[in-house]
>>> print(open('protein.csv').read())   # CSV, C-alpha atoms
chain,number,residue,atom,x,y,z
H,837,MET,CA,0.0,0.0,0.0
H,838,ASP,CA,2.8,2.4,0.8
H,839,ALA,CA,4.4,1.7,-2.6
H,840,LEU,CA,1.1,2.3,-4.3
H,841,ASN,CA,0.6,5.6,-2.4
H,842,ALA,CA,4.2,6.7,-3.3
H,843,GLY,CA,3.6,5.9,-6.9
H,844,LEU,CA,0.3,7.8,-7.0
H,845,ARG,CA,1.9,10.8,-5.3
H,846,SER,CA,4.8,10.8,-7.8
H,847,HIS,CA,2.3,10.6,-10.7
H,848,CYS,CA,0.3,13.6,-9.2
H,849,LEU,CA,3.5,15.6,-8.7
H,850,ARG,CA,4.5,15.0,-12.3
H,851,VAL,CA,1.1,15.9,-13.6
H,852,ALA,CA,1.3,19.2,-11.7
H,853,ALA,CA,4.7,19.8,-13.2
H,854,TRP,CA,3.6,19.1,-16.8
H,855,ALA,CA,0.4,21.1,-16.4
H,856,TYR,CA,2.4,24.1,-15.2
H,857,GLU,CA,4.6,24.0,-18.3
H,858,LEU,CA,1.7,23.4,-20.7
H,859,SER,CA,-0.2,26.3,-19.2
H,860,ALA,CA,2.4,28.9,-20.3
H,861,GLY,CA,0.2,30.1,-23.2
H,862,LEU,CA,-2.8,30.7,-20.9
H,863,LYS,CA,-0.8,33.4,-19.0
H,864,LEU,CA,-2.3,32.2,-15.7
H,865,THR,CA,-2.2,34.5,-12.7
H,866,THR,CA,-0.4,33.3,-9.6
H,867,VAL,CA,-3.7,32.3,-8.0
H,868,GLU,CA,-4.7,30.4,-11.1
H,869,GLU,CA,-1.4,28.6,-11.0
H,870,ARG,CA,-2.1,27.6,-7.4
H,871,LEU,CA,-5.5,26.3,-8.4
H,872,LEU,CA,-4.1,24.3,-11.3
H,873,GLU,CA,-1.4,22.8,-9.1
H,874,GLN,CA,-3.9,21.9,-6.4
H,875,ALA,CA,-6.3,20.3,-8.9
H,876,ALA,CA,-3.4,18.3,-10.4
H,877,LEU,CA,-2.4,17.0,-7.0
H,878,LEU,CA,-5.9,16.0,-6.1
H,879,HIS,CA,-7.2,14.8,-9.5
H,880,HIS,CA,-7.3,11.2,-8.3
H,881,SER,CA,-9.2,12.1,-5.0
H,882,PRO,CA,-12.9,11.5,-4.7
H,883,PHE,CA,-15.0,14.7,-4.7
H,884,GLU,CA,-16.3,14.0,-1.2
H,885,MET,CA,-12.8,14.5,0.2
H,886,LEU,CA,-12.5,18.0,-1.3
H,887,GLU,CA,-13.7,19.9,1.7
H,888,THR,CA,-11.7,23.0,2.6
H,889,GLU,CA,-10.0,21.4,5.6
H,890,THR,CA,-9.0,18.4,3.6
H,891,VAL,CA,-7.6,20.4,0.7
H,892,ASN,CA,-5.5,22.6,3.1
H,893,ARG,CA,-4.2,19.5,5.0
H,894,LEU,CA,-3.2,17.8,1.8
H,895,ALA,CA,-1.6,21.0,0.5
H,896,ASP,CA,0.4,21.4,3.8
H,897,ASP,CA,1.7,17.8,3.4
H,898,LEU,CA,2.8,18.3,-0.2
H,899,TRP,CA,4.1,21.9,0.2
H,900,PRO,CA,5.3,22.4,3.8
H,901,ASP,CA,6.9,25.7,2.9
H,902,ARG,CA,4.0,27.2,1.0
H,903,ALA,CA,2.2,30.4,2.0
H,904,LYS,CA,-1.1,29.6,3.6
H,905,GLN,CA,-2.9,31.9,1.3
H,906,LEU,CA,-1.7,34.0,-1.6
H,907,PRO,CA,-2.6,37.6,-2.0
H,908,GLY,CA,-5.9,37.7,-3.9
H,909,GLU,CA,-6.6,34.1,-3.3
H,910,SER,CA,-10.2,33.4,-2.3
H,911,PRO,CA,-10.8,31.4,1.0
H,912,GLY,CA,-13.2,29.4,-1.1
H,913,ALA,CA,-10.4,28.1,-3.4
H,914,PRO,CA,-11.3,24.4,-2.8
H,915,ALA,CA,-14.7,25.1,-4.6
H,916,GLN,CA,-12.7,26.4,-7.6
H,917,VAL,CA,-10.5,23.3,-7.5
H,918,ARG,CA,-13.7,21.2,-7.4
H,919,ALA,CA,-15.0,23.1,-10.5
H,920,ILE,CA,-11.8,22.3,-12.4
H,921,LEU,CA,-11.9,18.6,-11.5
H,922,GLU,CA,-15.6,18.5,-12.5
H,923,ALA,CA,-14.8,20.0,-15.8
H,924,VAL,CA,-12.0,17.3,-16.3
H,925,ARG,CA,-14.3,14.4,-15.4
H,926,HIS,CA,-17.4,15.7,-17.1
H,927,PRO,CA,-16.3,17.8,-20.1
H,928,GLY,CA,-19.4,19.5,-21.6
H,929,GLY,CA,-21.5,18.3,-18.8
H,930,SER,CA,-22.3,21.8,-17.7
H,931,ARG,CA,-21.5,25.3,-18.9
H,932,ARG,CA,-18.2,26.5,-17.4
H,933,ILE,CA,-16.5,29.8,-17.6
H,934,ASP,CA,-13.8,29.8,-20.2
H,935,ARG,CA,-11.0,30.1,-17.7
H,936,ILE,CA,-12.0,27.0,-15.8
H,937,SER,CA,-12.4,25.1,-19.0
H,938,ALA,CA,-9.0,26.1,-20.2
H,939,ILE,CA,-7.3,25.1,-17.0
H,940,ALA,CA,-9.2,21.8,-16.9
H,941,ASN,CA,-8.2,21.0,-20.5
H,942,THR,CA,-4.5,21.6,-19.6
H,943,LEU,CA,-4.8,19.3,-16.6
H,944,GLU,CA,-6.5,16.6,-18.7
H,945,VAL,CA,-3.7,16.7,-21.3
H,946,ALA,CA,-1.0,16.6,-18.6
H,947,ASP,CA,-2.6,13.6,-16.9
H,948,LEU,CA,-2.9,11.7,-20.2
H,949,PHE,CA,0.7,12.6,-21.1
H,950,ASP,CA,2.0,11.2,-17.9
H,951,GLU,CA,-0.1,8.1,-18.0
H,952,GLN,CA,1.3,7.2,-21.3
H,953,LEU,CA,4.8,7.5,-20.0
H,954,GLU,CA,4.0,5.3,-17.0
H,955,ILE,CA,2.3,2.7,-19.1
H,956,ALA,CA,5.4,2.5,-21.3
H,957,GLN,CA,7.5,1.7,-18.2
H,958,PHE,CA,5.0,-1.0,-17.0
H,959,GLU,CA,5.0,-2.6,-20.5
H,960,GLY,CA,8.8,-2.7,-20.6
H,961,ARG,CA,8.9,-0.1,-23.4
H,962,ALA,CA,11.3,2.8,-23.4
H,963,VAL,CA,9.9,6.3,-22.7
H,964,GLN,CA,11.7,7.4,-25.8
H,965,GLU,CA,9.4,5.1,-27.8
H,966,VAL,CA,6.3,6.9,-26.5
H,967,LEU,CA,7.8,10.3,-27.3
H,968,GLU,CA,8.9,9.3,-30.8
H,969,SER,CA,5.4,8.1,-31.6
H,970,ALA,CA,3.7,11.1,-30.0
H,971,PRO,CA,3.5,13.2,-33.3
H,972,GLY,CA,1.0,10.6,-34.5
H,973,ASP,CA,-1.3,11.3,-31.6
H,974,PRO,CA,-3.0,14.7,-31.7
H,975,VAL,CA,-3.1,15.2,-28.0
H,976,LEU,CA,0.4,13.8,-27.1
H,977,GLY,CA,1.9,15.4,-30.2
H,978,SER,CA,0.6,18.9,-29.3
H,979,ALA,CA,1.7,18.5,-25.7
H,980,LEU,CA,5.2,17.4,-26.7
H,981,ALA,CA,5.5,20.3,-29.2
H,982,LEU,CA,4.8,22.7,-26.4
H,983,LEU,CA,7.2,21.0,-24.0
H,984,ARG,CA,10.2,20.3,-26.3
H,985,LYS,CA,12.9,23.0,-26.0
H,986,VAL,CA,16.0,21.7,-27.8
H,987,ASN,CA,17.0,18.7,-29.9
H,988,ARG,CA,19.9,16.3,-30.4
H,989,GLU,CA,21.7,18.6,-32.8
H,990,ASP,CA,21.8,21.2,-30.0
H,991,LEU,CA,23.4,18.6,-27.7
H,992,LEU,CA,26.2,18.0,-30.2
H,993,ALA,CA,26.8,21.7,-30.5
H,994,LEU,CA,27.0,22.0,-26.7
H,995,ILE,CA,29.8,19.5,-26.0
H,996,PRO,CA,32.6,21.6,-27.4
H,997,ARG,CA,31.5,24.4,-25.1
H,998,LEU,CA,32.1,22.3,-21.9
H,999,PRO,CA,34.2,24.2,-19.3
H,1000,VAL,CA,37.8,24.7,-20.4
H,1001,TYR,CA,39.4,21.4,-19.6
H,1002,PRO,CA,43.2,21.1,-19.8
H,1003,ALA,CA,44.5,18.7,-22.5
H,1004,VAL,CA,46.6,17.0,-19.9
H,1005,ALA,CA,43.5,16.1,-17.9
H,1006,VAL,CA,41.8,14.7,-20.9
H,1007,LYS,CA,44.9,12.6,-21.7
H,1008,ALA,CA,45.1,11.5,-18.1
H,1009,LEU,CA,41.5,10.2,-18.1
H,1010,ALA,CA,42.0,8.4,-21.3
H,1011,THR,CA,45.1,6.7,-19.8
H,1012,LEU,CA,43.4,6.0,-16.5
H,1013,ALA,CA,40.5,4.4,-18.3
H,1014,LYS,CA,42.8,1.7,-19.8
H,1015,PRO,CA,42.3,-1.8,-18.3
H,1016,GLU,CA,45.9,-1.9,-17.1
H,1017,VAL,CA,48.0,1.1,-16.0
H,1018,HIS,CA,51.5,0.9,-14.8
H,1019,LEU,CA,53.4,2.9,-12.2
H,1020,ALA,CA,55.5,4.7,-14.8
H,1021,GLU,CA,52.3,5.9,-16.5
H,1022,LEU,CA,50.8,7.2,-13.3
H,1023,GLU,CA,54.0,9.0,-12.5
H,1024,GLN,CA,54.0,10.6,-15.9
H,1025,ILE,CA,50.4,11.8,-15.5
H,1026,SER,CA,51.1,13.3,-12.1
H,1027,ARG,CA,54.3,15.0,-13.2
H,1028,ALA,CA,52.5,16.6,-16.3
H,1029,ASP,CA,50.1,18.5,-14.0
H,1030,GLN,CA,51.1,20.1,-10.7
H,1031,VAL,CA,47.5,20.2,-9.5
H,1032,LEU,CA,47.1,16.4,-10.0
H,1033,ALA,CA,50.5,15.8,-8.3
H,1034,GLY,CA,49.5,18.0,-5.4
H,1035,GLN,CA,46.2,16.2,-5.0
H,1036,LEU,CA,47.9,12.8,-5.1
H,1037,LEU,CA,50.4,13.8,-2.4
H,1038,LYS,CA,47.7,15.4,-0.3
H,1039,ALA,CA,45.6,12.2,-0.3
H,1040,ALA,CA,48.6,9.9,0.3
H,1041,ASN,CA,49.7,12.0,3.3
H,1042,SER,CA,46.2,12.1,4.8
H,1043,ALA,CA,45.0,10.4,7.9
H,1044,PHE,CA,43.4,7.7,5.8
H,1045,PHE,CA,46.8,6.3,4.8
H,1046,SER,CA,48.8,7.7,7.8
H,1047,PRO,CA,52.3,7.3,6.5
H,1048,ARG,CA,55.0,7.2,9.2
H,1049,TYR,CA,57.0,9.8,7.3
H,1050,PRO,CA,55.8,12.6,5.0
H,1051,LEU,CA,55.7,11.4,1.4
H,1052,LYS,CA,57.4,14.1,-0.7
H,1053,THR,CA,57.5,12.7,-4.3
H,1054,VAL,CA,54.9,11.3,-6.6
H,1055,ARG,CA,56.8,8.0,-6.9
H,1056,ASP,CA,56.9,7.6,-3.1
H,1057,ALA,CA,53.2,8.3,-2.9
H,1058,ILE,CA,52.2,5.8,-5.6
H,1059,SER,CA,54.6,3.2,-4.2
H,1060,PHE,CA,53.1,3.6,-0.7
H,1061,ILE,CA,49.4,3.7,-1.5
H,1062,GLY,CA,49.5,1.3,-4.5
H,1063,ILE,CA,48.6,1.7,-8.1
H,1064,ASP,CA,44.8,1.1,-7.7
H,1065,GLN,CA,44.4,3.8,-5.0
H,1066,ALA,CA,46.6,6.2,-7.0
H,1067,ARG,CA,44.5,5.6,-10.1
H,1068,SER,CA,41.3,6.4,-8.2
H,1069,ILE,CA,42.7,9.5,-6.6
H,1070,LEU,CA,44.1,10.8,-9.9
H,1071,SER,CA,40.8,10.1,-11.7
H,1072,THR,CA,38.9,12.0,-9.1
H,1073,ALA,CA,41.4,14.9,-9.1
H,1074,ALA,CA,41.3,15.2,-12.9
H,1075,LEU,CA,37.5,15.4,-13.0
H,1076,ARG,CA,36.9,17.6,-10.0
H,1077,PRO,CA,37.5,21.0,-11.7
H,1078,LEU,CA,34.7,20.4,-14.1
H,1079,PHE,CA,32.2,20.4,-11.2
H,1080,SER,CA,33.4,23.6,-9.6
H,1081,GLY,CA,30.2,25.6,-10.0
H,1082,PRO,CA,27.9,25.9,-7.0
H,1083,LYS,CA,25.0,24.3,-8.9
H,1084,LEU,CA,27.2,21.3,-9.7
H,1085,LYS,CA,28.4,20.5,-6.1
H,1086,LYS,CA,25.5,18.1,-5.5
H,1087,LEU,CA,26.2,16.3,-8.8
H,1088,TRP,CA,29.8,15.9,-7.9
H,1089,THR,CA,29.0,14.4,-4.5
H,1090,HIS,CA,26.6,12.0,-6.2
H,1091,SER,CA,29.3,11.1,-8.8
H,1092,VAL,CA,31.9,10.3,-6.1
H,1093,GLU,CA,29.4,8.3,-4.0
H,1094,THR,CA,28.4,6.3,-7.1
H,1095,ALA,CA,32.0,5.6,-8.0
H,1096,GLN,CA,32.7,4.3,-4.5
H,1097,VAL,CA,29.5,2.1,-4.5
H,1098,ALA,CA,30.3,0.8,-8.0
H,1099,GLU,CA,33.8,-0.2,-6.9
H,1100,ARG,CA,32.4,-2.1,-3.8
H,1101,ILE,CA,29.8,-3.9,-6.0
H,1102,ALA,CA,32.5,-4.9,-8.5
H,1103,GLU,CA,34.5,-6.4,-5.7
H,1104,LEU,CA,31.5,-8.5,-4.7
H,1105,SER,CA,30.6,-9.5,-8.3
H,1106,THR,CA,34.0,-10.1,-9.9
H,1107,LYS,CA,32.3,-9.6,-13.3
H,1108,VAL,CA,33.8,-6.1,-13.6
H,1109,SER,CA,37.2,-4.7,-12.6
H,1110,PRO,CA,36.8,-2.5,-9.5
H,1111,ARG,CA,39.2,0.0,-11.1
H,1112,GLU,CA,37.0,0.2,-14.2
H,1113,ALA,CA,33.8,0.4,-12.1
H,1114,PHE,CA,35.2,3.3,-10.0
H,1115,LEU,CA,36.0,5.4,-13.1
H,1116,ALA,CA,32.7,4.6,-14.8
H,1117,GLY,CA,30.8,5.6,-11.6
H,1118,LEU,CA,32.8,8.8,-11.5
H,1119,VAL,CA,31.9,9.8,-15.1
H,1120,HIS,CA,28.5,8.2,-15.5
H,1121,ASP,CA,26.6,11.5,-15.1
H,1122,VAL,CA,29.1,13.7,-16.9
H,1123,GLY,CA,26.4,14.4,-19.6
H,1124,ARG,CA,24.6,16.6,-17.0
H,1125,LEU,CA,27.6,19.0,-17.4
H,1126,ALA,CA,26.5,19.5,-21.1
H,1127,ILE,CA,22.9,19.9,-20.0
H,1128,SER,CA,23.9,22.7,-17.6
H,1129,LEU,CA,25.0,24.7,-20.7
H,1130,LEU,CA,21.6,24.7,-22.4
H,1131,PRO,CA,19.9,28.0,-23.2
H,1132,ALA,CA,18.0,29.7,-20.4
H,1133,PRO,CA,14.4,28.7,-21.5
H,1134,ALA,CA,15.4,25.0,-21.6
H,1135,SER,CA,17.5,25.0,-18.4
H,1136,GLU,CA,14.8,26.9,-16.5
H,1137,ALA,CA,12.1,24.5,-17.6
H,1138,TYR,CA,14.3,21.6,-16.6
H,1139,GLU,CA,14.9,23.1,-13.1
H,1140,ARG,CA,11.2,23.7,-12.6
H,1141,LEU,CA,10.2,20.2,-13.6
H,1142,THR,CA,12.8,18.4,-11.5
H,1143,ALA,CA,12.1,20.7,-8.5
H,1144,LYS,CA,8.4,19.8,-8.8
H,1145,GLY,CA,9.1,16.1,-8.6
H,1146,CYS,CA,9.7,15.0,-12.2
H,1147,GLU,CA,12.4,12.4,-12.5
H,1148,VAL,CA,15.6,13.7,-14.1
H,1149,THR,CA,15.7,11.4,-17.1
H,1150,ILE,CA,12.0,11.9,-17.9
H,1151,ALA,CA,12.3,15.6,-17.9
H,1152,GLU,CA,15.4,15.4,-20.1
H,1153,LEU,CA,13.8,13.1,-22.7
H,1154,VAL,CA,10.6,15.3,-22.9
H,1155,LEU,CA,12.3,18.7,-23.0
H,1156,PHE,CA,15.4,17.8,-25.0
H,1157,GLY,CA,14.8,14.5,-26.9
H,1158,PHE,CA,17.9,13.0,-25.2
H,1159,ASP,CA,19.0,12.3,-21.6
H,1160,HIS,CA,22.2,12.8,-19.8
H,1161,SER,CA,23.2,9.2,-20.5
H,1162,GLU,CA,23.4,9.9,-24.2
H,1163,ALA,CA,25.0,13.3,-23.6
H,1164,GLY,CA,27.6,11.6,-21.3
H,1165,ALA,CA,28.4,8.9,-23.9
H,1166,GLU,CA,29.1,11.6,-26.5
H,1167,VAL,CA,31.4,13.5,-24.1
H,1168,LEU,CA,33.3,10.3,-23.3
H,1169,ARG,CA,33.6,9.3,-27.0
H,1170,ILE,CA,35.2,12.7,-27.7
H,1171,TRP,CA,37.5,12.3,-24.7
H,1172,LYS,CA,38.6,8.9,-26.3
H,1173,PHE,CA,37.3,6.7,-23.5
H,1174,PRO,CA,37.2,2.9,-24.2
H,1175,PRO,CA,34.1,1.9,-26.3
H,1176,GLU,CA,32.9,-0.5,-23.6
H,1177,MET,CA,32.8,2.4,-21.0
H,1178,VAL,CA,31.0,4.7,-23.5
H,1179,THR,CA,28.4,1.9,-24.1
H,1180,ALA,CA,27.9,1.4,-20.3
H,1181,VAL,CA,27.4,5.1,-19.7
H,1182,ARG,CA,25.0,5.4,-22.6
H,1183,ASN,CA,22.9,2.5,-21.2
H,1184,HIS,CA,23.3,2.9,-17.5
H,1185,HIS,CA,19.5,3.7,-17.1
H,1186,ASN,CA,18.6,0.8,-19.5
H,1187,PRO,CA,21.1,-2.0,-18.9
H,1188,ASP,CA,18.5,-4.5,-20.2
H,1189,ARG,CA,19.1,-3.3,-23.8
H,1190,VAL,CA,22.8,-4.1,-24.0
H,1191,ALA,CA,25.1,-7.0,-23.1
H,1192,SER,CA,27.2,-5.0,-20.6
H,1193,ASP,CA,28.1,-6.0,-17.1
H,1194,LEU,CA,29.4,-2.5,-16.5
H,1195,ALA,CA,26.0,-0.9,-17.5
H,1196,ALA,CA,24.2,-3.3,-15.1
H,1197,LEU,CA,26.6,-2.5,-12.3
H,1198,LEU,CA,26.1,1.3,-12.8
H,1199,TYR,CA,22.3,0.8,-12.7
H,1200,VAL,CA,22.6,-1.1,-9.4
H,1201,ALA,CA,25.0,1.4,-7.9
H,1202,GLU,CA,22.8,4.4,-8.8
H,1203,PHE,CA,19.7,2.6,-7.5
H,1204,TRP,CA,21.5,1.9,-4.2
H,1205,SER,CA,22.5,5.6,-3.9
H,1206,ALA,CA,18.8,6.5,-4.3
H,1207,ALA,CA,19.4,9.0,-7.1
H,1208,ASP,CA,15.8,8.8,-8.2
H,1209,GLU,CA,16.8,9.9,-11.7
H,1210,ASP,CA,14.3,7.6,-13.5
H,1211,LEU,CA,11.0,5.9,-13.0
H,1212,PRO,CA,11.8,2.8,-10.8
H,1213,SER,CA,11.7,-0.7,-12.4
H,1214,ASN,CA,12.1,-3.7,-10.2
H,1215,THR,CA,12.3,-5.9,-13.4
H,1216,ILE,CA,15.4,-4.0,-14.6
H,1217,LEU,CA,16.9,-4.0,-11.2
H,1218,GLN,CA,16.5,-7.7,-10.6
H,1219,GLY,CA,17.9,-8.4,-14.1
H,1220,ALA,CA,20.9,-6.3,-13.4
H,1221,VAL,CA,21.6,-7.9,-10.1
H,1222,LYS,CA,21.3,-11.3,-11.6
H,1223,GLN,CA,23.6,-10.4,-14.5
H,1224,LEU,CA,26.3,-9.5,-11.9
H,1225,GLY,CA,25.9,-12.9,-10.2
H,1226,LEU,CA,24.7,-11.3,-7.0
H,1227,SER,CA,21.5,-11.3,-4.9
H,1228,PRO,CA,19.8,-8.3,-3.3
H,1229,GLU,CA,20.6,-9.8,0.1
H,1230,ALA,CA,24.3,-10.0,-0.7
H,1231,ILE,CA,24.3,-6.3,-1.8
H,1232,GLY,CA,22.2,-5.3,1.2
H,1233,ALA,CA,24.6,-7.0,3.6
H,1234,ALA,CA,27.7,-5.4,2.1
H,1235,ASP,CA,29.3,-2.3,3.5
H,1236,LEU,CA,28.9,-0.1,0.4
H,1237,SER,CA,29.3,3.2,2.1
H,1238,ARG,CA,32.6,2.9,3.9
H,1239,TYR,CA,35.0,5.8,3.9
H,1240,SER,CA,37.7,5.9,1.2
H,1241,ALA,CA,40.7,7.9,0.2
H,1242,VAL,CA,38.9,9.9,-2.6
H,1243,GLN,CA,36.7,11.5,0.0
H,1244,GLU,CA,39.9,13.4,1.0
H,1245,LEU,CA,39.4,15.3,-2.3
H,1246,ALA,CA,35.7,15.9,-2.1
>>> encode(input="protein.csv", output="structure tokens")
Amino acid sequence: MDALNAGLRSHCLRVAAWAYELSAGLKLTTVEERLLEQAALLHHSPFEMLETETVNRLADDLWPDRAKQLPGESPGAPAQVRAILEAVRHPGGSRRIDRISAIANTLEVADLFDEQLEIAQFEGRAVQEVLESAPGDPVLGSALALLRKVNREDLLALIPRLPVYPAVAVKALATLAKPEVHLAELEQISRADQVLAGQLLKAANSAFFSPRYPLKTVRDAISFIGIDQARSILSTAALRPLFSGPKLKKLWTHSVETAQVAERIAELSTKVSPREAFLAGLVHDVGRLAISLLPAPASEAYERLTAKGCEVTIAELVLFGFDHSEAGAEVLRIWKFPPEMVTAVRNHHNPDRVASDLAALLYVAEFWSAADEDLPSNTILQGAVKQLGLSPEAIGAADLSRYSAVQELA
């Protein structure tokens, strides 16, 4: 029952988010926006529940920080919410003022749009399939035309505009992504960039490793902490500057956490090298860097939808026609990452579509970290866990969140 209630709440939040974006042409007042949002959140509730006290209590639960009443908002707002919902459920059943009818029509389209996306997930179809077929449906097609902000060509044009990234760092990541890296290569990477060398020495001399004497050279540091640890630290240090903006701090924290969890799961599974898993976890959401460069109308709509409860990948596919998985794969391809890692990042939200243990591992790692980037699928999760030769119990019993050396750089 709790899962059902959570799913219904998520659906209602998304409907409210879609309805807000679709209502742009109506030029709603602030009060009308509130009415539309309330109606969207209550559109599955029976009419008999829609008394003033009930509406206010539900609103308080859903928006704990909301103002109790907006300037110009009638104390009888629940009656207007009821009128909107009646117009949705009984279109043409009674004469309504044009404004109520227009708001009700927007809500109806938003509800139908989200239901189609949910049905696709339950049927095992990709959301992308629904969106690609939308132009053939007059309702979904018109909704998508209003919601779509950019296209795939815009994505490809964005990638060269990523934050200035030193060539040495790109070369370092390409080297670190190789299946096998030797001490001499790590030493060469570190010596080519003073920042990377400094980060390596800082981590090696930290309390995590607690050397008896200060480590003063890169070679000493790598010899003391080992190649695998040095590789993880250098990968983290090479990527960190790209996430320097205040809006990207949360994304960086998530990337580091996913990298650590992916490494632990790889150790349990033995299907994927822990070194490869760590780096893949670190870069799996790098496509969101490109998305952060989108024009203001697109990025603002994206922030509104995700803030209102729409899952990240769903918002991306609807607004842009691609998600951060595809964007990330394009970035890594340009950075000359191994094809298998590009494939894993491209499919880390849909590992069931590709024969890649690394894609399955990234899906499980992101699910464990509760990223909530996509509509949940127990079928995909169970398949990914099985592909890794594990069980949910084995993963649940493992210490996936223990402290590691890379957190010295976070």
>>> residues_around(input="protein.csv", residues="range 857-864 of chain H", least_positions_apart="3", cutoff="8 Å", atoms="only C-alpha atoms", output="list in words")
Ala853, Trp854, Val867, Glu868, Glu869, Ala938, Ile939, Thr942, Ala946, Ala979, Leu982, Leu983 and Ala1137 of chain H
>>> write_last_selection(input="protein.csv", atoms="C-alpha atoms", output="compact mmCIF listing (two decimals), in the frame of the given file")
# COMPACT_ATOMS: atom_id res chain seq x y z
CA ALA H 853 4.70 19.80 -13.20
CA TRP H 854 3.60 19.10 -16.80
CA VAL H 867 -3.70 32.30 -8.00
CA GLU H 868 -4.70 30.40 -11.10
CA GLU H 869 -1.40 28.60 -11.00
CA ALA H 938 -9.00 26.10 -20.20
CA ILE H 939 -7.30 25.10 -17.00
CA THR H 942 -4.50 21.60 -19.60
CA ALA H 946 -1.00 16.60 -18.60
CA ALA H 979 1.70 18.50 -25.70
CA LEU H 982 4.80 22.70 -26.40
CA LEU H 983 7.20 21.00 -24.00
CA ALA H 1137 12.10 24.50 -17.60
>>> atom_distance(input="protein.csv", atom1="CA of Glu944 in chain H", atom2="CA of Ala855 in chain H")
8.6 Å
>>> closest_residue(input="protein.csv", among="H:Leu998, H:Val1167, H:Ala1010, H:Ala915", to="Gln874 in chain H", atoms="all atoms listed in the file")
H:Ala915
>>> residues_around(input="protein.csv", residues="Asp950 in chain H", least_positions_apart="2", cutoff="8 Å", atoms="all atoms listed in the file", output="number ranges by chain")
H: 847, 850-851, 946-948, 952-954
>>> residues_around(input="protein.csv", residues="Lys1086 in chain H", least_positions_apart="4", cutoff="12 Å", atoms="only C-alpha atoms", output="number ranges by chain")
H: 1079-1082, 1090-1093, 1121, 1124, 1207, 1246
>>> atom_distance(input="protein.csv", atom1="CA of Arg1076 in chain H", atom2="CA of Asn1186 in chain H")
26.6 Å
>>> closest_residue(input="protein.csv", among="H:Pro1187, H:Phe1158, H:Leu872, H:Thr865", to="Leu849 in chain H", atoms="all atoms listed in the file")
H:Leu872
>>> residues_around(input="protein.csv", residues="Ala852 in chain H", least_positions_apart="6", cutoff="7 Å", atoms="all atoms listed in the file", output="ChimeraX atom specification")
/H:873,876-877
>>> residues_around(input="protein.csv", residues="range 1195-1199 of chain H", least_positions_apart="2", cutoff="6 Å", atoms="only C-alpha atoms", output="list in words")
Ala1180, Asn1183, His1184, His1185, Pro1187, Ser1192, Asp1193, Ala1201, Glu1202 and Ala1220 of chain H
>>> atom_distance(input="protein.csv", atom1="CA of Val1154 in chain H", atom2="CA of Pro996 in chain H")
23.3 Å
>>> closest_residue(input="protein.csv", among="H:Leu1130, H:Leu1104, H:Val1178, H:Val924", to="Ala1234 in chain H", atoms="only C-alpha atoms")
H:Leu1104
>>> residues_near_point(input="protein.csv", point="(36.8, 7.9, -27.3)", cutoff="12 Å", atoms="all atoms listed in the file", output="list in words")
Val1006, Lys1007, Leu1009, Ala1010, Thr1011, Ala1013, Lys1014, Gly1164, Ala1165, Glu1166, Val1167, Leu1168, Arg1169, Ile1170, Trp1171, Lys1172, Phe1173, Pro1174, Pro1175, Glu1176, Met1177, Val1178 and Thr1179 of chain H
>>> closest_residue(input="protein.csv", among="H:Arg1100, H:Leu1155, H:Val1221, H:Arg1067", to="Leu1141 in chain H", atoms="all atoms listed in the file")
H:Leu1155
>>> closest_residue(input="protein.csv", among="H:Asp1029, H:Glu1229, H:Glu1023, H:Asp990", to="Gly1062 in chain H", atoms="all atoms listed in the file")
H:Glu1023
